[in-house]
Amino acid sequence: MARSMHVRRPATLASLAAELGVSRTTVSNAYNRPDQLSPELRRRVLDTARRLGYPGPDPVARSLRTRKAGAVGLLLTENLSYAFRDPAAIGFLEGLALACEDAGTGLLLVPANPEREDVASVHRAGVDGFVVYSVPDDDPHLAAVLERPVPTVVCDQPDLGTVDRVGIDDRGAMYELAKHLISLGHRRVGVVCMRLARDRNDGFVTADRQHAAHFHVQRNRLSGLAEAFSEAGVDWSQVPVVERFDHNTASGASGAAQVLDKDPQITALICTSDVLALGAMTEAARRGLRVPHDLTVTGFDGIRAGEEAGLTTVRQPVLEKGRAAGKLLLDASERSRPRSVNLSTELIIGKTSGPPRGGAEERWFGP
């Protein structure tokens, strides 16, 4: 004859309090406000809870009661893996995580595929506020975030003027880098830039597309280059600018190839990120071009791999960006208008920039 199985029902907050002979508030405090109990009493509550199988307060019920999720949402209009693959994104994520740690709150990544318009992930996210990391001004996920009745901080882009923002002077930083190249004697240059809009375009960029770019960080970096080289007498409309939708070294290599195929006589290749620049250096080596003797290559960001390669670049404080964005979001003080944090950058003169060679006949093409 089969024996009936008796399954013990899990303990509840009320049954645990009765077992201990304390109030339910005392049990709750053991989990949520441990400073309200003596160490001995809290240890006794937790030990008894483990013995009776009490799992702790229901976080869903608690969030409904307090109207607090206990987490910050990071909107990243990329696939989830991008946050752990892209060096600048990794640094930003670390800084944001440090701010969340300091505040004792969680962090929820809310990825959004850049080629889809499904905003359900934004609506489903149980968060107390959003940090929006570098999205175009027409992104539907951004619009969905702004519809939520929670505080929002934008990092880098877009500059809405209506919400808190953390960023840098992208135009000024790139202008300074361009001035460095001009001082070396470069006038015949090409550019490989990150995506300018939500539509995929892996090719040359018209002046109109540059001016109308929905990613204003890239628009500002290109604008800084155009301003500096125009002042030096260069017709910017004749400068080959190639856009890449995906941000990786392979895109940098293919973008560099496209520019060099169009104008093999350029003396400097300016990339709007270090990742693209590292790919461009790989393509230069494949063609037998020495950097910087035959081709100067520059980047933007100041990532570790670029530093190890001796890349001439603009270093920006990506970790501090994340920390500053988190602090702004988690600051509960009253404010009457949006706040803006503008962080400083540093031009790094590495070993990948030098004066242009005198002419094509002086180029060395290696074995």
# chains A, B, ... in the order shown; residues from 1 in each chain; ligands from 1

$ select_by_dssp --residues "region 110-310 of chain A" --states "helix (DSSP H, G or I)" --output "number ranges by chain"
A: 120-124, 140-147, 170-184, 207-211, 216-231, 236-238, 249-262, 274-286, 304-308

$ closest_residue --among "A:Asp294, A:Asp263, A:Asp170, A:Glu231" --to "Val189 (chain A)" --atoms "only C-alpha atoms"
A:Asp263

$ residues_around --residues "region 209-211 of chain A" --least-positions-apart "5" --cutoff "8 Å" --atoms "only C-alpha atoms" --output "PDB file with N, CA, C and O atoms, in the first residue's frame"
ATOM      1  N   LEU A 196      25.204  56.901 -38.087  1.00  0.00           N
ATOM      2  CA  LEU A 196      24.646  58.245 -37.962  1.00  0.00           C
ATOM      3  C   LEU A 196      23.135  58.239 -37.778  1.00  0.00           C
ATOM      4  O   LEU A 196      22.559  59.254 -37.391  1.00  0.00           O
ATOM      5  N   ARG A 219      27.519  63.372 -35.162  1.00  0.00           N
ATOM      6  CA  ARG A 219      27.330  64.622 -35.909  1.00  0.00           C
ATOM      7  C   ARG A 219      28.283  65.695 -35.401  1.00  0.00           C
ATOM      8  O   ARG A 219      28.922  66.401 -36.194  1.00  0.00           O
ATOM      9  N   LEU A 222      31.993  64.900 -36.394  1.00  0.00           N
ATOM     10  CA  LEU A 222      32.226  65.238 -37.802  1.00  0.00           C
ATOM     11  C   LEU A 222      32.236  66.745 -37.992  1.00  0.00           C
ATOM     12  O   LEU A 222      33.028  67.272 -38.785  1.00  0.00           O
ATOM     13  N   SER A 223      31.384  67.439 -37.278  1.00  0.00           N
ATOM     14  CA  SER A 223      31.320  68.894 -37.387  1.00  0.00           C
ATOM     15  C   SER A 223      32.618  69.538 -36.903  1.00  0.00           C
ATOM     16  O   SER A 223      33.106  70.508 -37.499  1.00  0.00           O
TER      17      SER A 223
END

$ atom_distance --atom1 "CA of Ile168 (chain A)" --atom2 "CA of Glu78 (chain A)"
21.3 Å

$ residues_around --residues "Asn113 (chain A)" --least-positions-apart "4" --cutoff "12 Å" --atoms "only C-alpha atoms" --output "PyMOL selection string"
chain A and resi 75-82+117-122+135+139-141+198

$ write_last_selection --atoms "all heavy atoms" --output "short mmCIF file (atom, residue, chain, number, x, y, z; two decimals), in the first residue's frame"
data_model
loop_
_atom_site.label_atom_id
_atom_site.label_comp_id
_atom_site.auth_asym_id
_atom_site.auth_seq_id
_atom_site.Cartn_x
_atom_site.Cartn_y
_atom_site.Cartn_z
N LEU A 75 18.94 51.72 -20.42
CA LEU A 75 18.47 51.51 -21.78
C LEU A 75 19.65 51.57 -22.73
O LEU A 75 20.36 52.58 -22.80
CB LEU A 75 17.44 52.57 -22.19
CG LEU A 75 16.94 52.42 -23.63
CD1 LEU A 75 16.08 51.18 -23.79
CD2 LEU A 75 16.17 53.65 -24.08
N LEU A 76 19.86 50.48 -23.44
CA LEU A 76 20.98 50.34 -24.36
C LEU A 76 20.42 49.87 -25.68
O LEU A 76 19.95 48.75 -25.79
CB LEU A 76 21.96 49.32 -23.78
CG LEU A 76 23.17 48.93 -24.57
CD1 LEU A 76 24.26 50.00 -24.46
CD2 LEU A 76 23.72 47.61 -24.03
N THR A 77 20.40 50.74 -26.69
CA THR A 77 19.80 50.32 -27.96
C THR A 77 20.80 49.52 -28.78
O THR A 77 21.21 49.91 -29.88
CB THR A 77 19.27 51.52 -28.76
OG1 THR A 77 20.32 52.48 -28.92
CG2 THR A 77 18.08 52.15 -28.10
N GLU A 78 21.18 48.42 -28.22
CA GLU A 78 22.05 47.43 -28.85
C GLU A 78 21.60 46.07 -28.33
O GLU A 78 20.80 45.97 -27.40
CB GLU A 78 23.52 47.65 -28.48
CG GLU A 78 24.11 48.98 -28.93
CD GLU A 78 24.39 49.03 -30.41
OE1 GLU A 78 24.33 47.97 -31.07
OE2 GLU A 78 24.66 50.13 -30.93
N ASN A 79 22.14 45.02 -28.92
CA ASN A 79 21.91 43.70 -28.37
C ASN A 79 22.60 43.61 -27.01
O ASN A 79 23.57 44.32 -26.74
CB ASN A 79 22.45 42.63 -29.32
CG ASN A 79 21.65 42.57 -30.61
OD1 ASN A 79 20.42 42.63 -30.59
ND2 ASN A 79 22.34 42.47 -31.73
N LEU A 80 22.10 42.73 -26.15
CA LEU A 80 22.58 42.65 -24.77
C LEU A 80 24.09 42.43 -24.70
O LEU A 80 24.78 43.02 -23.86
CB LEU A 80 21.85 41.53 -24.04
CG LEU A 80 22.19 41.33 -22.56
CD1 LEU A 80 21.89 42.60 -21.77
CD2 LEU A 80 21.42 40.15 -21.99
N SER A 81 24.63 41.61 -25.58
CA SER A 81 26.06 41.28 -25.52
C SER A 81 26.94 42.50 -25.74
O SER A 81 28.11 42.51 -25.33
CB SER A 81 26.40 40.21 -26.57
OG SER A 81 26.07 40.68 -27.89
N TYR A 82 26.41 43.56 -26.37
CA TYR A 82 27.20 44.75 -26.64
C TYR A 82 27.73 45.37 -25.35
O TYR A 82 28.86 45.88 -25.30
CB TYR A 82 26.33 45.77 -27.39
CG TYR A 82 27.06 47.02 -27.83
CD1 TYR A 82 27.76 47.05 -29.03
CD2 TYR A 82 27.04 48.18 -27.05
CE1 TYR A 82 28.42 48.21 -29.45
CE2 TYR A 82 27.69 49.34 -27.45
CZ TYR A 82 28.38 49.34 -28.66
OH TYR A 82 29.03 50.48 -29.06
N GLU A 117 11.57 47.92 -33.59
CA GLU A 117 10.86 48.99 -32.90
C GLU A 117 9.95 48.47 -31.81
O GLU A 117 9.05 49.16 -31.36
CB GLU A 117 10.06 49.83 -33.92
CG GLU A 117 10.94 50.55 -34.93
CD GLU A 117 10.21 51.64 -35.67
OE1 GLU A 117 9.01 51.84 -35.38
OE2 GLU A 117 10.82 52.28 -36.53
N ASP A 118 10.20 47.25 -31.34
CA ASP A 118 9.40 46.67 -30.27
C ASP A 118 9.85 47.28 -28.94
O ASP A 118 10.98 47.05 -28.50
CB ASP A 118 9.58 45.16 -30.25
CG ASP A 118 8.74 44.49 -29.17
OD1 ASP A 118 7.94 45.20 -28.51
OD2 ASP A 118 8.88 43.27 -28.99
N VAL A 119 9.00 48.06 -28.32
CA VAL A 119 9.37 48.76 -27.08
C VAL A 119 8.82 48.06 -25.85
O VAL A 119 8.81 48.63 -24.76
CB VAL A 119 8.88 50.23 -27.12
CG1 VAL A 119 9.54 50.98 -28.27
CG2 VAL A 119 7.36 50.29 -27.23
N ALA A 120 8.38 46.81 -25.99
CA ALA A 120 7.78 46.09 -24.86
C ALA A 120 8.76 45.96 -23.69
O ALA A 120 8.35 46.00 -22.53
CB ALA A 120 7.32 44.70 -25.32
N SER A 121 10.06 45.80 -23.98
CA SER A 121 11.03 45.64 -22.90
C SER A 121 11.08 46.88 -22.01
O SER A 121 11.32 46.77 -20.80
CB SER A 121 12.42 45.35 -23.48
OG SER A 121 12.85 46.42 -24.31
N VAL A 122 10.85 48.04 -22.58
CA VAL A 122 10.83 49.28 -21.80
C VAL A 122 9.60 49.31 -20.91
O VAL A 122 9.66 49.66 -19.73
CB VAL A 122 10.87 50.51 -22.71
CG1 VAL A 122 10.70 51.80 -21.91
CG2 VAL A 122 12.18 50.55 -23.49
N VAL A 135 21.70 57.02 -27.50
CA VAL A 135 20.71 56.60 -28.50
C VAL A 135 20.39 57.76 -29.43
O VAL A 135 20.62 58.92 -29.09
CB VAL A 135 19.41 56.08 -27.83
CG1 VAL A 135 19.72 55.00 -26.81
CG2 VAL A 135 18.65 57.22 -27.18
N ASP A 139 14.73 57.62 -31.55
CA ASP A 139 14.60 56.22 -31.17
C ASP A 139 13.27 55.98 -30.46
O ASP A 139 12.95 56.67 -29.50
CB ASP A 139 15.76 55.82 -30.26
CG ASP A 139 15.83 54.32 -30.07
OD1 ASP A 139 15.04 53.78 -29.28
OD2 ASP A 139 16.67 53.68 -30.73
N PRO A 140 12.49 54.98 -30.88
CA PRO A 140 11.19 54.72 -30.25
C PRO A 140 11.33 54.22 -28.81
O PRO A 140 10.43 54.44 -27.99
CB PRO A 140 10.56 53.65 -31.15
CG PRO A 140 11.71 53.00 -31.86
CD PRO A 140 12.73 54.09 -32.04
N HIS A 141 12.45 53.56 -28.48
CA HIS A 141 12.65 53.10 -27.11
C HIS A 141 12.85 54.29 -26.18
O HIS A 141 12.38 54.29 -25.04
CB HIS A 141 13.85 52.17 -27.04
CG HIS A 141 13.76 51.00 -27.97
ND1 HIS A 141 14.28 51.04 -29.26
CD2 HIS A 141 13.20 49.78 -27.82
CE1 HIS A 141 14.04 49.87 -29.84
NE2 HIS A 141 13.39 49.10 -29.00
N ARG A 198 19.34 55.36 -37.55
CA ARG A 198 18.85 54.01 -37.28
C ARG A 198 18.83 53.14 -38.51
O ARG A 198 18.84 51.91 -38.41
CB ARG A 198 17.45 54.07 -36.66
CG ARG A 198 17.45 54.62 -35.23
CD ARG A 198 16.12 54.40 -34.55
NE ARG A 198 15.04 55.15 -35.17
CZ ARG A 198 13.88 54.66 -35.54
NH1 ARG A 198 13.63 53.37 -35.38
NH2 ARG A 198 12.96 55.43 -36.07
#

$ residues_around --residues "region 95-110 of chain A" --least-positions-apart "4" --cutoff "7 Å" --atoms "only C-alpha atoms" --output "list in words"
Gly70, Ala71, Val72, Gly73, Leu74, Leu75, Leu76, Gly91, Ser121, Val122, Leu319, Glu320, Lys321, Gly322, Arg323, Ala325, Gly326 and Lys327 of chain A

$ closest_residue --among "A:Asp199, A:Pro149, A:Asn220, A:Tyr133" --to "Arg116 (chain A)" --atoms "only C-alpha atoms"
A:Asp199

$ atom_distance --atom1 "CA of Ser15 (chain A)" --atom2 "CA of Ala30 (chain A)"
15.1 Å

$ residues_around --residues "Glu307 (chain A)" --least-positions-apart "4" --cutoff "12 Å" --atoms "only C-alpha atoms" --output "MDAnalysis selection string"
chainID A and resid 274:275 277:278 298:303 311:315 348:352

$ write_last_selection --atoms "C-alpha atoms" --output "PDB file, in the first residue's frame"
ATOM      1  CA  ASP A 274      39.240  53.635 -31.069  1.00  0.00           C
ATOM      2  CA  VAL A 275      37.571  50.350 -32.030  1.00  0.00           C
ATOM      3  CA  ALA A 277      40.793  52.901 -35.562  1.00  0.00           C
ATOM      4  CA  LEU A 278      42.232  49.570 -34.432  1.00  0.00           C
ATOM      5  CA  THR A 298      43.582  58.348 -35.071  1.00  0.00           C
ATOM      6  CA  GLY A 299      40.703  57.283 -32.848  1.00  0.00           C
ATOM      7  CA  PHE A 300      38.429  58.544 -30.096  1.00  0.00           C
ATOM      8  CA  ASP A 301      37.635  57.149 -26.602  1.00  0.00           C
ATOM      9  CA  GLY A 302      40.936  56.203 -24.988  1.00  0.00           C
ATOM     10  CA  ILE A 303      40.284  52.480 -24.506  1.00  0.00           C
ATOM     11  CA  LEU A 311      46.958  55.190 -30.702  1.00  0.00           C
ATOM     12  CA  THR A 312      46.622  58.947 -31.085  1.00  0.00           C
ATOM     13  CA  THR A 313      43.153  59.579 -29.716  1.00  0.00           C
ATOM     14  CA  VAL A 314      40.873  61.594 -27.468  1.00  0.00           C
ATOM     15  CA  ARG A 315      40.557  60.049 -24.035  1.00  0.00           C
ATOM     16  CA  ILE A 348      46.552  61.794 -26.383  1.00  0.00           C
ATOM     17  CA  ILE A 349      49.383  62.115 -28.896  1.00  0.00           C
ATOM     18  CA  GLY A 350      50.450  58.554 -29.543  1.00  0.00           C
ATOM     19  CA  LYS A 351      52.767  56.920 -32.025  1.00  0.00           C
ATOM     20  CA  THR A 352      50.147  56.498 -34.774  1.00  0.00           C
TER      21      THR A 352
END

$ atom_distance --atom1 "CA of Ser336 (chain A)" --atom2 "CA of Ala143 (chain A)"
22.1 Å

$ select_by_dssp --residues "region 265-303 of chain A" --states "strand (DSSP E)" --output "list in words"
Ala268, Leu269, Ile270, Cys271, Thr296, Val297 and Thr298 of chain A

$ closest_residue --among "A:Arg165, A:Arg43, A:Arg51, A:Arg357" --to "Arg339 (chain A)" --atoms "only C-alpha atoms"
A:Arg165

$ residues_around --residues "Ala197 (chain A)" --least-positions-apart "2" --cutoff "9 Å" --atoms "only C-alpha atoms" --output "list in words"
Pro136, Asp138, Arg195, Asp199, Arg200, Asn201, Arg209, Ala212, Ala213, His214, Phe215 and Phe245 of chain A

$ closest_residue --among "A:Thr152, A:Thr345, A:Thr26, A:Thr296" --to "Arg44 (chain A)" --atoms "only C-alpha atoms"
A:Thr26

$ decode --residues "region 158-230 of chain A" --atoms "C-alpha atoms" --output "compact mmCIF listing (two decimals), in the first residue's frame"
# COMPACT_ATOMS: atom_id res chain seq x y z
CA PRO A 158 20.48 62.87 -27.39
CA ASP A 159 20.74 66.28 -25.74
CA LEU A 160 17.03 66.85 -25.14
CA GLY A 161 17.28 69.86 -22.87
CA THR A 162 14.37 68.53 -20.81
CA VAL A 163 16.05 65.73 -18.81
CA ASP A 164 19.32 65.41 -16.91
CA ARG A 165 22.34 64.63 -19.10
CA VAL A 166 25.98 63.58 -18.76
CA GLY A 167 28.37 64.07 -21.67
CA ILE A 168 31.47 65.68 -23.12
CA ASP A 169 32.24 68.34 -25.71
CA ASP A 170 32.54 65.99 -28.69
CA ARG A 171 32.81 68.78 -31.24
CA GLY A 172 35.53 70.61 -29.33
CA ALA A 173 37.50 67.44 -28.63
CA MET A 174 37.52 66.40 -32.28
CA TYR A 175 38.35 69.95 -33.36
CA GLU A 176 41.43 69.79 -31.15
CA LEU A 177 42.48 66.45 -32.64
CA ALA A 178 42.02 67.84 -36.16
CA LYS A 179 44.18 70.84 -35.29
CA HIS A 180 46.93 68.44 -34.23
CA LEU A 181 46.78 66.70 -37.61
CA ILE A 182 46.73 70.02 -39.45
CA SER A 183 49.80 71.17 -37.51
CA LEU A 184 51.58 68.04 -38.74
CA GLY A 185 50.77 69.04 -42.32
CA HIS A 186 47.82 66.78 -43.14
CA ARG A 187 45.31 68.13 -45.63
CA ARG A 188 44.31 65.01 -47.58
CA VAL A 189 42.34 62.96 -45.09
CA GLY A 190 39.56 60.39 -44.88
CA VAL A 191 37.10 59.47 -42.13
CA VAL A 192 35.50 56.27 -40.82
CA CYS A 193 32.58 57.05 -38.50
CA MET A 194 30.09 55.15 -36.39
CA ARG A 195 26.43 54.95 -37.42
CA LEU A 196 24.65 58.25 -37.96
CA ALA A 197 21.04 57.03 -37.95
CA ARG A 198 18.85 54.01 -37.28
CA ASP A 199 18.83 52.94 -40.91
CA ARG A 200 21.74 50.75 -41.98
CA ASN A 201 24.22 52.54 -44.19
CA ASP A 202 27.62 50.94 -44.74
CA GLY A 203 29.02 53.33 -47.27
CA PHE A 204 30.00 56.87 -48.10
CA VAL A 205 28.17 59.68 -46.36
CA THR A 206 26.85 62.81 -48.01
CA ALA A 207 27.15 66.22 -46.38
CA ASP A 208 23.38 66.24 -45.90
CA ARG A 209 23.49 62.94 -43.97
CA GLN A 210 26.31 64.28 -41.79
CA HIS A 211 24.36 67.44 -40.94
CA ALA A 212 21.09 65.56 -40.31
CA ALA A 213 22.59 62.71 -38.24
CA HIS A 214 20.24 61.53 -35.48
CA PHE A 215 23.23 60.40 -33.41
CA HIS A 216 24.36 63.86 -32.42
CA VAL A 217 27.66 62.67 -30.88
CA GLN A 218 28.80 61.51 -34.31
CA ARG A 219 27.33 64.62 -35.91
CA ASN A 220 29.30 66.81 -33.52
CA ARG A 221 32.54 64.91 -34.03
CA LEU A 222 32.23 65.24 -37.80
CA SER A 223 31.32 68.89 -37.39
CA GLY A 224 34.47 69.51 -35.33
CA LEU A 225 36.58 67.92 -38.07
CA ALA A 226 34.83 69.89 -40.81
CA GLU A 227 35.31 73.17 -38.99
CA ALA A 228 39.03 72.67 -38.37
CA PHE A 229 39.89 71.44 -41.86
CA SER A 230 37.75 74.12 -43.53
